[in-house]
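Asks: So that we are looking at the same thing, I have put the structure below in structure tokens.
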Amino acid sequence: MPVTAPQNMFDKIWSRHVVAQREDGESLVYIDRNFIHEGPFYAFDGLRLAQRRLRQPLRQIAIADHYLPTLNRAGGLAGIRDPDIRRMIEQLGTNARDFGIPFIGMDNERQGIMHVVGPDLGLVQPGMTITAADSHTTTNGAFGAFSFGIGASEIKHVMATQCLWYRKPRTLRVTIEGALPQGVTAKDVIITIIAKIGITGGSGHVIEYAGSAFRGMSMEQRMTVCNMSIEAGARAGLVAPDDTTFRFLQGREYAPQSEDWDRALAFWKTLPTDAGARFDKEVTLSAADLVPMVTWGTVPGDALPITGKVPDPQAAGSAEQRAHYTRALEYMGLKPGQLLSSIKVDRVFIGSCTNARLEDLRAAAAIVKGRHAVIPAMISPGSSLVKRRAEAEGLDRIFTDAGFEWRDSACSMCVGSNGDFASPGERCATTSPRNFPNRQGRGVRSHVLSPTMAAAAAITGHLTDVRTFA
Amino acid sequence: MEPFTRLTAIAAPLPQPDIDTDMLIPQRYLRQPLTAGYRNFFFYNDRFDAEGKPRPDFILNREPYQRAQILVTGPNFGCGSTREGAVYAAVDFGVRAIVASSFGPFYASNCYQNGVLPVVLPEAEVREIIAALQASPGAEVTVDLQAQTVTAPGGKTCRFDIEPSRKERLLEGLDDIGITQRYEAEVADYEKRLDAEMPWLSGAPLQGLVQP
């Protein structure tokens, strides 16, 4: 038998997709699926200008998510009052039609955030290469697909050629063994990883999440982890496909069917990292040490256990870190030494491609049930399908009875493209992935946390250790 | 795309690390067509107050930095989202080169696509250039792509690395798609093999989602 060197999962996916290589190390990589939202309209303008056609229109899919309002959707396109927002949504449909691209618009029952819709429809499968003009395209890595964000010019390149020039990233394996302690969610796991390796700790790398902690997660939890790989600066995240993955995919609308399913399954089973394969970097954590986390600063790496205190810039490890802490605390309006659980919150947002899937909503509802929010709180489900399923289970009633707003599905207050902002200067507990200054509104102070922690904050009005909730 | 060869221009020092894409262009301006001009969106929240009045204290609002074509910045510049508007806004402001010790995951490749040169130098050298610029406000920096050098005020010259193909494309102002089309035979072969081995990836079932 020929002896072949053991390969890691990323190497296997990468080598299958290299169409050509240049001497300088850049590879022409084939892209299996390209997701398009309203944002990269520049790409269509460029294609028209150069009179280029698409190489493979059916390997694209256009989904409206960034600009869709979360209120008053019944009126359709005509009901959207802001003419710029209406134009963005209309433009996506027109561009998709003109170029023959499959389209899920605001009237389609499948509509939702593309990183929720793709997996739900079976469009995301192990071993694929997937692109979109969105940094959180890393979500799809939960299926063992190499899935990453690109800019509008690169979207144009993929539409025209179905390929992308890319330099092969390095690999980083993050291993966590053990079961997650009570009250600790996938969100806490990834925030802990980012806090440990830093917001550039994954730069130039694809992260494979390995160990029993990830094997024990549902697909939805794995998606939350992979989603925030980009917040550690990584190109992408990966979890090995296994029976959990296959069970999730089987029978989904666009998953392979019958004979194709059997062939696909045989291929998917070859993907996991071989024993003895090497990675460029390794990081190991223990599940037993994990606790619920919350961000206190202005980048996702500024995170601490909810039991912690706001850090003191004077105790920072370097002059740069001291300067960052000082600036971050000033923006966030926090004082060194303040207990994180004493921080009062003005608003709660549960939504986004990080944490608005059915399991997230169930977990938040379990905290909220029978209680009442003391501050404004809103929920935007990850997709219209998630919304309908949640309603079928009665989750919407639990939330609305507790005073939460139950809205339609879009990217919403994660990014504000559709006009969903917190009021200027408010402090917002959010399940979205990113706490950059002014992102959720002018002067808005964002604290990133899990759906259960967000629900608890809505009930108490301050950042709260969800483990204290019976 | 405008070729990039050699540029001597006013350089603005922006020492803060982790300048993210939400700072470079707030999301709400990304719905504007490029023809609207993106100059005013660049660093909008730093350059304008809530009423839209310019903040005179922000460096890019001060003379002569309103004419800066080079930025020398803290590490991890342009971290965050994929939004290419964060480069379009820089281009419309007049920026042609950005010097930093590192860039966010998408920012450098978005720069290349728009004729902007992202120069990576060791952090100590970037700090030195920033200090020189702060000591002589409004000074010029020279970025020479052919020679792969940055010359700071005072004459110190730093050499930088760049992938040869990126360099060639910038020097000639070439578009990536034109280059890729030279690989038509390889792509066609790949697709033939892919369709035989994994026909379910063709996207054929998605035809039903194409609008008439």
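Letters A, B, ... mark the chains of the structure tokens in the order given; residue numbers begin at 1 per chain; ligand numbers begin at 1, in order shown.
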As a VMD selection string, please: the residues near region 430-446 of chain A (cut-off 6 Å, only C-alpha atoms, same-chain neighbours under 4 positions excluded).
Replies: chain A and resid 298 to 300 332 348 to 350 352 354 to 355 413 to 414 421 to 422 424 to 426 450 to 451
Asks: Counting only C-alpha atoms, which residues from chain A have an atom at most 6 Å from any atom of chain B, and could you show them as a list in words?
Replies: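 Taken together, these residues fit the definition: Leu58, Arg59, Arg97, Gly100, Ile101, Pro102, Phe103, Ala133, Asp134, Ser135, Ile150, Gly151, Ala152, His157, Pro256 and Ser417 of chain A.
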Asks: May I have the residues within 12 Å of Gly115 (chain B) as a VMD selection string, using only C-alpha atoms and disregarding those fewer than 4 positions away in the same chain?
Replies: (chain A and resid 153) or (chain B and resid 1 to 5 87 to 88 90 to 92 94 to 98 108 to 111 145 166 to 176)
Asks: Please dump the current selection as a compact mmCIF listing (two decimals), in the first residue's frame; keep C-alpha atoms.
Replies:
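This is the output file again00.txt:
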# COMPACT_ATOMS: atom_id res chain seq x y z
CA SER A 153 -14.35 43.12 -6.57
CA MET B 1 -7.58 50.86 -12.79
CA GLU B 2 -4.95 53.54 -12.36
CA PRO B 3 -1.41 52.06 -12.30
CA PHE B 4 0.68 52.61 -9.19
CA THR B 5 4.37 53.29 -9.74
CA VAL B 87 -11.48 51.22 0.27
CA TYR B 88 -13.70 53.17 -2.17
CA ALA B 90 -10.19 55.98 0.90
CA VAL B 91 -9.73 56.17 -2.87
CA ASP B 92 -12.23 59.01 -3.21
CA GLY B 94 -7.34 60.59 -2.48
CA VAL B 95 -5.47 57.79 -0.69
CA ARG B 96 -3.17 55.72 -2.93
CA ALA B 97 -0.96 53.96 -0.35
CA ILE B 98 -1.37 52.81 3.26
CA ALA B 108 -5.30 44.55 1.80
CA SER B 109 -6.88 42.43 -0.93
CA ASN B 110 -9.64 45.01 -1.38
CA CYS B 111 -6.90 47.66 -1.74
CA LEU B 145 6.59 50.25 -5.86
CA ARG B 166 0.36 41.78 -7.04
CA LYS B 167 3.22 44.11 -7.91
CA GLU B 168 2.87 43.44 -11.62
CA ARG B 169 -0.88 44.00 -11.55
CA LEU B 170 -0.52 47.30 -9.63
CA LEU B 171 2.32 48.58 -11.82
CA GLU B 172 0.27 47.92 -14.94
CA GLY B 173 -3.16 48.67 -13.48
CA LEU B 174 -4.37 45.22 -14.57
CA ASP B 175 -7.74 43.74 -13.68
CA ASP B 176 -7.73 40.22 -12.13
Asks: Excluding Ala365 (chain A) and any residue of its chain fewer than 5 positions from it, enumerate the residues within 8 Å of it, using only C-alpha atoms, and give them as a list in words.
Replies: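 Residues near the query, excluding close chain neighbours: Leu395, Ile398, Phe399 and Ala455 of chain A.
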Asks: Quick one: of A:Cys226, A:Ala410, A:Ala240, A:Val291, who's nearest to Tyr67 (chain A), counting only C-alpha atoms?
Replies: A:Ala410
Asks: Could you give me, as a compact mmCIF listing (two decimals) with N, CA and C atoms, in the first residue's frame, the residues within 6 Å of Ile25 (chain B), counting only C-alpha atoms and dropping anything in the same chain fewer than 3 positions from it?
Replies:
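Done, and the output landed in out.txt:
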# COMPACT_ATOMS: atom_id res chain seq x y z
N ASP B 22 -15.99 49.81 10.25
CA ASP B 22 -17.11 50.68 10.65
C ASP B 22 -16.62 52.11 10.86
N PHE B 41 -17.57 60.10 3.10
CA PHE B 41 -17.91 58.98 3.99
C PHE B 41 -16.69 58.45 4.73
N PHE B 42 -15.50 58.78 4.23
CA PHE B 42 -14.27 58.24 4.81
C PHE B 42 -14.10 58.76 6.24
N PHE B 43 -13.97 57.85 7.20
CA PHE B 43 -13.85 58.22 8.62
C PHE B 43 -15.00 59.14 9.03
N ALA B 86 -15.03 50.61 2.28
CA ALA B 86 -13.98 51.15 3.15
C ALA B 86 -12.73 51.48 2.34
Asks: List every residue of region 70-201 of chain B that DSSP, applied to the backbone, labels as helix (DSSP H, G or I), and write the result as a ChimeraX atom specification.
Replies: /B:85-93,107-112,123-135,164-172,176-197,199-201
Asks: Pick the closest to Gly416 (chain A) from A:Pro126, A:Pro69, A:Gly198, A:Pro6: which is it, counting only C-alpha atoms?
Replies: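 Answer, going by the shortest atom-to-atom distance: A:Pro69.
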Asks: If we count only C-alpha atoms and set the cut-off at 12 Å, which residues sit around Ala132 (chain B), ignoring sequence neighbours fewer than 2 positions away in its own chain? Please answer as a list of chain:residue names.
Replies: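 Those residues are B:Ala11, B:Ala12, B:Pro13, B:Val72, B:Glu125, B:Val126, B:Arg127, B:Glu128, B:Ile129, B:Ile130, B:Gln134, B:Ala135, B:Ser136, B:Pro137, B:Gly138, B:Ala139, B:Glu140, B:Val141, B:Thr151, B:Ala152, B:Pro153, B:Gly154, B:Gly155, B:Lys156.
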Asks: Which residues, written as JSON, numbers by chain, have at least one atom at most 10 Å from Gly403 (chain A), with only C-alpha atoms counted and residues fewer than 2 positions away on the same chain left out?
Replies: {"A": [368, 371, 372, 373, 374, 375, 376, 377, 378, 397, 398, 399, 400, 401, 405, 406, 458, 459]}
Asks: Do you have the CA of Ser342 (chain A)-CA of Asn227 (chain A) distance handy?
Replies: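 Here the two named atoms are 28.7 Å from each other.
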Asks: Please indicate the distance in Å from CA of Leu117 (chain B) to CA of His205 (chain A), rounded to one decimal place.
Replies: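 Distance reported for this atom pair: 22.7 Å.
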Asks: Enter the distance from CA of Ile190 (chain A) to CA of Leu340 (chain A), in Å, rounded to one decimal.
Replies: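 These two atoms are separated by 19.1 Å.
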Asks: Select, from A:Arg362, A:Pro311, A:Ile199, A:Ile130, the residue with the minimum atom-to-atom distance to Gly337 (chain A), counting only C-alpha atoms.
Replies: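 Checking each of A:Arg362, A:Pro311, A:Ile199, A:Ile130 against Gly337 (chain A), counting only C-alpha atoms, the winner is A:Pro311.
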Asks: Looking only at the backbone, which of the residues in region 210-252 of chain A does DSSP tag as strand (DSSP E), as a list in words?
Replies: Ala210, Ala236, Gly237 and Leu238 of chain A
Asks: Rank nothing, just name the residue among A:Thr245, A:Gln21, A:Thr129, A:Asn418 nearest to Thr70 (chain A), using only C-alpha atoms.
Replies: A:Asn418
